[in-house]
file start_0.cif (mmCIF, C-alpha atoms)
data_model
#
loop_
_atom_site.label_atom_id
_atom_site.label_comp_id
_atom_site.auth_asym_id
_atom_site.auth_seq_id
_atom_site.Cartn_x
_atom_site.Cartn_y
_atom_site.Cartn_z
CA MET A 1 110.91 101.04 132.95
CA THR A 2 108.95 103.35 130.63
CA ASN A 3 112.12 104.06 128.63
CA ASP A 4 112.76 100.31 128.26
CA ILE A 5 109.23 99.79 126.90
CA LYS A 6 109.66 102.76 124.56
CA SER A 7 112.98 101.39 123.31
CA ASN A 8 111.55 97.89 122.79
CA ILE A 9 108.54 99.16 120.82
CA ALA A 10 110.74 101.49 118.74
CA SER A 11 113.25 98.71 118.07
CA THR A 12 110.53 96.30 116.93
CA LEU A 13 109.00 98.93 114.65
CA ARG A 14 112.43 99.82 113.26
CA ASP A 15 113.03 96.13 112.50
CA LEU A 16 109.67 95.95 110.71
CA GLY A 17 110.46 99.16 108.79
CA ILE A 18 108.48 101.89 107.06
CA GLY A 19 107.96 99.67 103.99
CA TRP A 20 106.16 97.10 106.12
CA VAL A 21 104.09 99.82 107.80
CA ARG A 22 102.97 101.26 104.46
CA SER A 23 102.00 97.78 103.28
CA PHE A 24 100.21 97.19 106.60
CA GLU A 25 98.18 100.38 106.10
CA GLU A 26 96.58 98.90 103.00
CA ASN A 27 94.85 96.34 105.25
CA ASP A 28 93.32 99.07 107.40
CA PRO A 29 89.54 99.01 106.76
CA GLN A 30 89.61 102.82 106.69
CA TYR A 31 92.20 102.73 103.88
CA VAL A 32 90.08 100.19 102.01
CA ALA A 33 86.99 102.41 102.34
CA ILE A 34 88.89 105.47 101.09
CA GLY A 35 90.31 103.45 98.20
CA ASN A 36 86.78 102.47 97.15
CA LEU A 37 85.71 106.12 97.34
CA CYS A 38 88.60 107.21 95.15
CA SER A 39 87.86 104.51 92.58
CA GLU A 40 84.18 105.38 92.29
CA ILE A 41 84.09 109.17 92.70
CA LYS A 42 86.78 109.70 90.01
CA ASP A 43 87.19 113.39 90.98
CA GLU A 44 90.12 113.36 93.44
CA GLU A 45 89.49 116.91 94.60
CA VAL A 46 85.93 116.09 95.62
CA ALA A 47 87.00 112.81 97.23
CA LEU A 48 89.73 114.59 99.21
CA LYS A 49 87.42 117.32 100.49
CA LEU A 50 84.80 114.76 101.50
CA THR A 51 87.45 112.71 103.29
CA ILE A 52 88.90 115.70 105.16
CA MET A 53 85.46 116.90 106.24
CA ASN A 54 84.53 113.43 107.45
CA ALA A 55 87.74 113.22 109.48
CA LEU A 56 86.99 116.61 111.05
CA ILE A 57 83.70 115.29 112.44
CA SER A 58 84.98 111.82 113.39
CA TYR A 59 84.73 111.94 117.17
CA GLN A 60 82.42 110.37 119.77
CA LEU A 61 81.01 107.98 117.17
CA SER A 62 77.99 105.77 117.78
CA GLY A 63 79.77 102.65 116.54
CA LYS A 64 83.15 101.43 115.37
CA GLY A 65 85.36 103.72 113.32
CA GLU A 66 85.75 101.05 110.63
CA ASP A 67 81.98 100.88 110.14
CA HIS A 68 81.67 104.67 110.15
CA TRP A 69 84.19 105.04 107.31
CA ASP A 70 82.66 102.21 105.34
CA TYR A 71 79.24 103.88 105.59
CA PHE A 72 80.75 107.23 104.58
CA ALA A 73 82.42 105.84 101.46
CA ASN A 74 79.37 103.86 100.37
CA TYR A 75 77.06 106.82 100.99
CA PHE A 76 78.95 109.08 98.59
CA ILE A 77 79.55 106.31 96.08
CA LYS A 78 75.76 105.93 95.88
CA ASN A 79 75.00 109.66 96.26
CA LYS A 80 77.52 111.51 94.10
CA PRO A 81 77.76 115.05 95.53
CA LYS A 82 76.43 117.91 93.45
CA ASN A 83 76.46 120.61 96.14
CA LEU A 84 79.37 119.64 98.38
CA CYS A 85 78.36 121.48 101.54
CA ASN A 86 74.64 120.72 101.47
CA ASP A 87 75.18 117.10 100.44
CA PHE A 88 77.68 116.58 103.24
CA ILE A 89 75.20 117.89 105.80
CA ASN A 90 72.60 115.49 104.41
CA TYR A 91 75.13 112.70 104.98
CA ILE A 92 75.60 113.77 108.60
CA ILE A 93 71.85 113.71 109.12
CA SER A 94 71.57 110.24 107.56
CA SER A 95 74.44 108.50 109.39
CA LYS A 96 73.65 106.42 112.46
CA TYR A 97 77.30 106.76 113.49
CA LEU A 98 76.98 110.55 113.86
CA VAL A 99 73.87 110.65 116.04
CA ARG A 100 75.63 112.13 119.06
CA TYR A 101 76.59 115.81 118.80
CA ARG A 102 74.95 115.99 115.37
CA ASP A 103 74.22 119.71 115.69
CA SER A 104 77.87 120.37 116.60
CA ARG A 105 79.06 118.40 113.59
CA ILE A 106 76.74 120.34 111.27
CA LYS A 107 77.94 123.61 112.78
CA ARG A 108 81.57 122.62 112.15
CA ILE A 109 80.87 121.74 108.50
CA ASN A 110 78.92 124.97 108.01
CA ASN A 111 82.07 126.75 109.18
CA VAL A 112 84.67 124.64 107.35
CA CYS A 113 83.08 123.71 104.02
CA PRO A 114 82.70 127.23 102.57
CA LYS A 115 86.37 127.88 103.40
CA ILE A 116 87.74 124.80 101.65
CA ILE A 117 85.32 124.51 98.75
CA ASN A 118 87.35 126.77 96.43
CA LEU A 119 90.81 125.58 97.57
CA LYS A 120 92.82 123.20 95.38
CA LEU A 121 93.68 120.72 98.12
CA THR A 122 95.02 118.05 95.75
CA ASN A 123 98.02 120.35 95.18
CA TYR A 124 99.25 119.18 98.59
CA LEU A 125 99.11 115.58 97.39
CA ASN A 126 100.74 116.38 94.05
CA ASN A 127 103.56 118.20 95.86
CA ASN A 128 103.87 115.63 98.67
CA ASP A 129 103.33 118.50 101.12
CA LEU A 130 101.08 117.31 103.93
CA SER A 131 102.78 119.66 106.40
CA THR A 132 101.29 122.68 104.61
CA LEU A 133 97.90 120.95 104.42
CA TRP A 134 98.17 120.51 108.20
CA THR A 135 98.86 124.20 108.84
CA THR A 136 96.12 125.19 106.37
CA LEU A 137 93.51 123.11 108.21
CA ALA A 138 94.65 124.49 111.57
CA LYS A 139 94.20 128.05 110.27
CA ILE A 140 90.76 127.27 108.84
CA LEU A 141 89.67 125.92 112.23
CA ASN A 142 91.55 128.58 114.19
CA ALA A 143 93.25 125.82 116.18
CA SER A 144 96.75 124.92 117.33
CA GLY A 145 96.91 121.89 115.02
CA ASP A 146 97.56 119.06 117.47
CA GLU A 147 93.84 118.43 118.02
CA LYS A 148 92.73 114.88 117.23
CA THR A 149 90.43 115.66 114.31
CA ILE A 150 92.92 117.97 112.57
CA VAL A 151 95.88 115.57 112.58
CA PHE A 152 93.47 112.74 111.77
CA ALA A 153 92.25 114.71 108.73
CA VAL A 154 95.84 114.89 107.48
CA LYS A 155 96.27 111.15 108.02
CA MET A 156 93.13 110.41 106.01
CA ALA A 157 94.29 112.81 103.29
CA TYR A 158 97.53 110.78 103.21
CA TYR A 159 95.46 107.59 102.89
CA LEU A 160 93.44 109.06 100.06
CA GLY A 161 96.59 110.25 98.31
CA ARG A 162 98.13 106.79 98.44
CA ALA A 163 94.88 105.05 97.48
CA CYS A 164 94.51 107.39 94.48
CA GLY A 165 98.05 106.61 93.30
CA HIS A 166 100.08 109.56 94.59
CA ASP A 167 103.61 109.11 95.93
CA VAL A 168 102.88 110.84 99.23
CA ASN A 169 104.59 110.44 102.59
CA ALA A 170 103.58 111.29 106.14
CA PRO A 171 105.89 113.97 107.61
CA MET A 172 107.70 113.30 110.89
CA ASP A 173 106.56 116.63 112.40
CA ILE A 174 102.81 115.89 112.52
CA PRO A 175 101.77 114.29 115.84
CA ILE A 176 99.62 111.22 116.32
CA PRO A 177 95.81 111.67 116.57
CA VAL A 178 95.05 110.89 120.21
CA ASP A 179 91.80 108.96 120.36
CA TYR A 180 90.34 106.26 122.60
CA ARG A 181 92.25 103.36 121.05
CA VAL A 182 95.61 105.12 121.03
CA THR A 183 95.08 106.14 124.66
CA VAL A 184 94.14 102.61 125.79
CA ILE A 185 97.24 101.18 124.09
CA THR A 186 99.49 103.90 125.49
CA ILE A 187 98.25 102.97 128.98
CA CYS A 188 98.24 99.19 128.50
CA SER A 189 101.74 99.13 127.01
CA GLY A 190 103.07 100.88 130.11
CA LEU A 191 104.22 103.90 128.09
CA LEU A 192 102.00 106.27 130.06
CA PRO A 193 102.72 106.26 133.80
CA ILE A 194 99.48 105.72 135.72
CA VAL A 195 99.36 105.46 139.51
CA GLY A 196 98.12 102.07 140.72
CA ILE A 197 99.06 98.44 140.19
CA SER A 198 95.79 97.41 138.55
CA VAL A 199 94.68 99.85 135.87
CA ASN A 200 91.29 99.88 134.15
CA ALA A 201 92.67 101.29 130.90
CA LYS A 202 89.33 101.23 129.06
CA GLY A 203 87.56 102.92 131.94
CA ILE A 204 89.92 105.87 132.27
CA ALA A 205 90.95 106.32 128.62
CA LYS A 206 88.28 108.87 127.69
CA GLU A 207 89.37 111.20 130.48
CA ILE A 208 93.09 110.60 129.92
CA MET A 209 92.97 111.21 126.16
CA VAL A 210 91.81 114.79 126.75
CA ARG A 211 93.81 115.63 129.87
CA ARG A 212 97.12 114.11 128.76
CA ARG A 213 96.93 114.48 124.97
CA LYS A 214 100.20 116.36 124.58
CA GLU A 215 102.02 113.87 126.80
CA ILE A 216 100.72 110.95 124.72
CA GLN A 217 101.72 112.72 121.52
CA GLY A 218 105.18 113.36 122.97
CA ILE A 219 105.61 109.64 123.74
CA TRP A 220 104.75 108.57 120.21
CA ASN A 221 106.79 111.43 118.71
CA GLU A 222 109.79 109.99 120.52
CA ILE A 223 109.02 106.46 119.33
CA GLY A 224 108.69 107.86 115.82
CA ARG A 225 112.12 109.47 116.09
CA LEU A 226 113.71 106.29 117.50
CA SER A 227 112.07 103.98 114.95
CA GLY A 228 112.28 106.26 111.92
CA ILE A 229 108.53 105.88 111.38
CA PRO A 230 106.42 109.08 111.39
CA PRO A 231 103.66 109.32 114.04
CA LEU A 232 100.84 109.29 111.45
CA ASN A 233 102.18 105.97 110.14
CA LEU A 234 102.51 104.70 113.72
CA ASP A 235 98.87 105.58 114.25
CA SER A 236 97.82 103.17 111.52
CA VAL A 237 99.58 100.29 113.28
CA ILE A 238 98.42 101.25 116.77
CA TRP A 239 94.84 101.88 115.67
CA VAL A 240 94.45 98.60 113.78
CA LEU A 241 96.41 96.30 116.12
CA GLY A 242 95.11 98.18 119.17
CA GLY A 243 91.55 97.78 117.94
CA LEU A 244 92.09 94.05 117.48
CA LEU A 245 93.48 93.78 121.01
CA ILE A 246 90.67 95.83 122.55
CA ASN A 247 87.94 94.00 120.62
CA SER A 248 89.52 90.67 121.66
CA SER A 249 89.50 91.75 125.33
CA PHE A 250 93.31 91.60 125.15
CA SER A 251 93.42 87.92 124.23
CA ILE A 252 96.58 87.61 122.12
CA ASN A 253 95.38 84.45 120.37
CA ASN A 254 92.08 86.05 119.37
CA ALA A 255 93.86 89.21 118.22
CA ILE A 256 96.22 87.14 116.08
CA ARG A 257 93.29 85.28 114.48
CA LYS A 258 91.52 88.55 113.69
CA SER A 259 94.76 90.00 112.27
CA VAL A 260 95.07 87.07 109.88
CA ASP A 261 91.43 87.62 108.83
CA LEU A 262 92.40 91.19 107.84
CA GLY A 263 95.21 89.85 105.68
CA ILE A 264 98.05 90.85 108.02
CA ASP A 265 101.15 88.64 107.84
CA MET A 266 101.67 87.63 111.47
CA ASN A 267 105.41 87.05 111.63
CA ASP A 268 107.39 86.91 114.88
CA LYS A 269 108.07 90.66 114.90
CA VAL A 270 104.37 91.54 114.54
CA ILE A 271 103.43 89.10 117.31
CA ARG A 272 106.13 90.66 119.50
CA LEU A 273 104.71 94.10 118.74
CA LEU A 274 101.22 92.90 119.73
CA HIS A 275 102.61 91.71 123.08
CA LEU A 276 104.40 95.02 123.64
CA LEU A 277 101.33 97.13 122.76
CA GLY A 278 99.02 94.99 124.92
CA GLY A 279 101.48 94.96 127.77
CA ARG A 280 99.89 94.68 131.20
CA CYS A 281 96.34 94.36 129.82
CA ILE A 282 96.97 90.99 128.10
CA VAL A 283 94.95 88.18 129.69
CA GLU A 284 96.73 85.20 128.11
#
call {"tool": "encode", "arguments": {"input": "start_0.cif", "output": "structure tokens"}}
result
Amino acid sequence: MTNDIKSNIASTLRDLGIGWVRSFEENDPQYVAIGNLCSEIKDEEVALKLTIMNALISYQLSGKGEDHWDYFANYFIKNKPKNLCNDFINYIISSKYLVRYRDSRIKRINNVCPKIINLKLTNYLNNNDLSTLWTTLAKILNASGDEKTIVFAVKMAYYLGRACGHDVNAPMDIPIPVDYRVTVITICSGLLPIVGISVNAKGIAKEIMVRRRKEIQGIWNEIGRLSGIPPLNLDSVIWVLGGLLINSSFSINNAIRKSVDLGIDMNDKVIRLLHLLGGRCIVE
């Protein structure tokens, strides 16, 4: 059954194609926020470092991710950084979305910022080499690299690269960032076997996303291979459509209306994908 669901999702994504996915990404509010940052900051190197650092502290937010990234972009558009590390810490202190674990976030930036401040990170965009950026960030953080914030930082660097006009692609070898939304959708779609007929996906997602991260990444890696769409690109679709489903309490009609409001062209294939992603959690 799980393989059938996997095949159906992969087939639908393959029919939509990577061109559609890249166009879809431009409707992601996070992409829009990063595009505004790139337009206003002018210095791509500074914008990229700000974006990567923000991604590295984007966990357990006190609000929606879309609002968090919008606040981030607007903050640095209004407060052009002069001292990157100190100014970023001031941003953390000011943001209502970073209230929880604020000291931990500041500690992470105190560790990371001095290590990246003198690196020329835009070289990875110029050379279309996000795989090396990925391994560089993992080394800086002394981590394995599949952690949510690290792969998410690469995704947001990819967004910034595209928004700033670079011809950059997401590599197939970088796994999906496993967060709450991705976990809920992986459960609701039926891709992740969970014991029990009635599953409270929202209730168990926070535990599952930590305990079964590698398994979830493996599932979407396989869908990426079958569909020809890299996991970081898949994340854009799952995160946006999954968020619309979750915020609509899995009402397909409401999710479709909200998708149209975002500017997404809701053709039959996209509606089919919504049904597949919502799976057993859909209420109508």
call {"tool": "closest_atom_pairs", "arguments": {"input": "start_0.cif", "of": "segment 202-268 of chain A", "to": "segment 62-69 of chain A", "cutoff": "12 Å", "atoms": "all atoms listed in the file", "output": "JSON lines"}}
result
{"residue": "A:Trp239", "atom": "CA", "partner": "A:Gly65", "partner_atom": "CA", "distance": 9.9}
{"residue": "A:Val240", "atom": "CA", "partner": "A:Glu66", "partner_atom": "CA", "distance": 9.6}
{"residue": "A:Gly243", "atom": "CA", "partner": "A:Lys64", "partner_atom": "CA", "distance": 9.5}
{"residue": "A:Leu244", "atom": "CA", "partner": "A:Glu66", "partner_atom": "CA", "distance": 11.7}
{"residue": "A:Ile246", "atom": "CA", "partner": "A:Lys64", "partner_atom": "CA", "distance": 11.8}
{"residue": "A:Asn247", "atom": "CA", "partner": "A:Lys64", "partner_atom": "CA", "distance": 10.3}
call {"tool": "resolve_selection", "arguments": {"input": "start_0.cif", "expression": "the PyMOL selection byres ((chain A and resi 142-151) around 8)", "output": "PDB file with C-alpha atoms, in the frame of the given file"}}
result
ATOM      1  CA  ALA A  55      87.740 113.220 109.480  1.00  0.00           C
ATOM      2  CA  LEU A  56      86.990 116.610 111.050  1.00  0.00           C
ATOM      3  CA  ILE A  57      83.700 115.290 112.440  1.00  0.00           C
ATOM      4  CA  SER A  58      84.980 111.820 113.390  1.00  0.00           C
ATOM      5  CA  TYR A  59      84.730 111.940 117.170  1.00  0.00           C
ATOM      6  CA  TRP A 134      98.170 120.510 108.200  1.00  0.00           C
ATOM      7  CA  THR A 135      98.860 124.200 108.840  1.00  0.00           C
ATOM      8  CA  LEU A 137      93.510 123.110 108.210  1.00  0.00           C
ATOM      9  CA  ALA A 138      94.650 124.490 111.570  1.00  0.00           C
ATOM     10  CA  LYS A 139      94.200 128.050 110.270  1.00  0.00           C
ATOM     11  CA  ILE A 140      90.760 127.270 108.840  1.00  0.00           C
ATOM     12  CA  LEU A 141      89.670 125.920 112.230  1.00  0.00           C
ATOM     13  CA  PHE A 152      93.470 112.740 111.770  1.00  0.00           C
ATOM     14  CA  ALA A 153      92.250 114.710 108.730  1.00  0.00           C
ATOM     15  CA  VAL A 154      95.840 114.890 107.480  1.00  0.00           C
ATOM     16  CA  LYS A 155      96.270 111.150 108.020  1.00  0.00           C
ATOM     17  CA  ILE A 174     102.810 115.890 112.520  1.00  0.00           C
ATOM     18  CA  PRO A 175     101.770 114.290 115.840  1.00  0.00           C
ATOM     19  CA  ILE A 176      99.620 111.220 116.320  1.00  0.00           C
ATOM     20  CA  PRO A 177      95.810 111.670 116.570  1.00  0.00           C
ATOM     21  CA  VAL A 178      95.050 110.890 120.210  1.00  0.00           C
ATOM     22  CA  ASP A 179      91.800 108.960 120.360  1.00  0.00           C
TER      23      ASP A 179
END
call {"tool": "closest_residue", "arguments": {"input": "start_0.cif", "among": "A:Ile92, A:Val182, A:Ile264, A:Ile282", "to": "Pro29 of chain A", "atoms": "only C-alpha atoms"}}
result
A:Ile264
call {"tool": "closest_residue", "arguments": {"input": "start_0.cif", "among": "A:Thr136, A:Asn27, A:Ser7, A:Asn221", "to": "Gly263 of chain A", "atoms": "all atoms listed in the file"}}
result
A:Asn27
call {"tool": "resolve_selection", "arguments": {"input": "start_0.cif", "expression": "the PyMOL selection byres ((chain A and resi 11) around 12)", "output": "PyMOL selection string"}}
result
chain A and resi 3-10+12-17+223-229+269-270+272-273+276
call {"tool": "atom_distance", "arguments": {"input": "start_0.cif", "atom1": "atom CA of Lys107 of chain A", "atom2": "atom CA of Asp43 of chain A"}}
result
25.8 Å
call {"tool": "atom_distance", "arguments": {"input": "start_0.cif", "atom1": "atom CA of Ile185 of chain A", "atom2": "atom CA of Tyr31 of chain A"}}
result
20.9 Å
call {"tool": "atom_distance", "arguments": {"input": "start_0.cif", "atom1": "atom CA of Pro230 of chain A", "atom2": "atom CA of Gly218 of chain A"}}
result
12.4 Å
call {"tool": "residues_around", "arguments": {"input": "start_0.cif", "residues": "Lys206 of chain A", "least_positions_apart": "2", "cutoff": "12 Å", "atoms": "all atoms listed in the file", "output": "PyMOL selection string"}}
result
chain A and resi 59-60+178-184+187+200-204+208-213
call {"tool": "closest_residue", "arguments": {"input": "start_0.cif", "among": "A:Ile256, A:Leu125, A:Leu192, A:Ile238", "to": "Arg280 of chain A", "atoms": "all atoms listed in the file"}}
result
A:Leu192
call {"tool": "residues_around", "arguments": {"input": "start_0.cif", "residues": "segment 76-87 of chain A", "least_positions_apart": "5", "cutoff": "7 Å", "atoms": "only C-alpha atoms", "output": "PDB file with C-alpha atoms, in the frame of the given file"}}
result
ATOM      1  CA  LEU A  37      85.710 106.120  97.340  1.00  0.00           C
ATOM      2  CA  GLU A  40      84.180 105.380  92.290  1.00  0.00           C
ATOM      3  CA  ILE A  41      84.090 109.170  92.700  1.00  0.00           C
ATOM      4  CA  CYS A 113      83.080 123.710 104.020  1.00  0.00           C
TER       5      CYS A 113
END
call {"tool": "closest_residue", "arguments": {"input": "start_0.cif", "among": "A:Ala157, A:Ala73, A:Val112, A:Leu277", "to": "Ser189 of chain A", "atoms": "only C-alpha atoms"}}
result
A:Leu277
call {"tool": "closest_residue", "arguments": {"input": "start_0.cif", "among": "A:Ile109, A:Ala33, A:Gly190, A:Leu245", "to": "Met53 of chain A", "atoms": "only C-alpha atoms"}}
result
A:Ile109
call {"tool": "closest_residue", "arguments": {"input": "start_0.cif", "among": "A:Glu207, A:Tyr71, A:Met156, A:Arg22", "to": "Ala47 of chain A", "atoms": "all atoms listed in the file"}}
result
A:Met156
call {"tool": "resolve_selection", "arguments": {"input": "start_0.cif", "expression": "the PyMOL selection byres ((chain A and resi 283) around 12)", "output": "PDB file with C-alpha atoms, keeping the file's coordinate frame"}}
result
ATOM      1  CA  CYS A 188      98.240  99.190 128.500  1.00  0.00           C
ATOM      2  CA  LEU A 245      93.480  93.780 121.010  1.00  0.00           C
ATOM      3  CA  ILE A 246      90.670  95.830 122.550  1.00  0.00           C
ATOM      4  CA  SER A 248      89.520  90.670 121.660  1.00  0.00           C
ATOM      5  CA  SER A 249      89.500  91.750 125.330  1.00  0.00           C
ATOM      6  CA  PHE A 250      93.310  91.600 125.150  1.00  0.00           C
ATOM      7  CA  SER A 251      93.420  87.920 124.230  1.00  0.00           C
ATOM      8  CA  ILE A 252      96.580  87.610 122.120  1.00  0.00           C
ATOM      9  CA  ASN A 253      95.380  84.450 120.370  1.00  0.00           C
ATOM     10  CA  ASN A 254      92.080  86.050 119.370  1.00  0.00           C
ATOM     11  CA  ALA A 255      93.860  89.210 118.220  1.00  0.00           C
ATOM     12  CA  HIS A 275     102.610  91.710 123.080  1.00  0.00           C
ATOM     13  CA  GLY A 278      99.020  94.990 124.920  1.00  0.00           C
ATOM     14  CA  GLY A 279     101.480  94.960 127.770  1.00  0.00           C
ATOM     15  CA  ARG A 280      99.890  94.680 131.200  1.00  0.00           C
ATOM     16  CA  CYS A 281      96.340  94.360 129.820  1.00  0.00           C
ATOM     17  CA  ILE A 282      96.970  90.990 128.100  1.00  0.00           C
ATOM     18  CA  GLU A 284      96.730  85.200 128.110  1.00  0.00           C
TER      19      GLU A 284
END
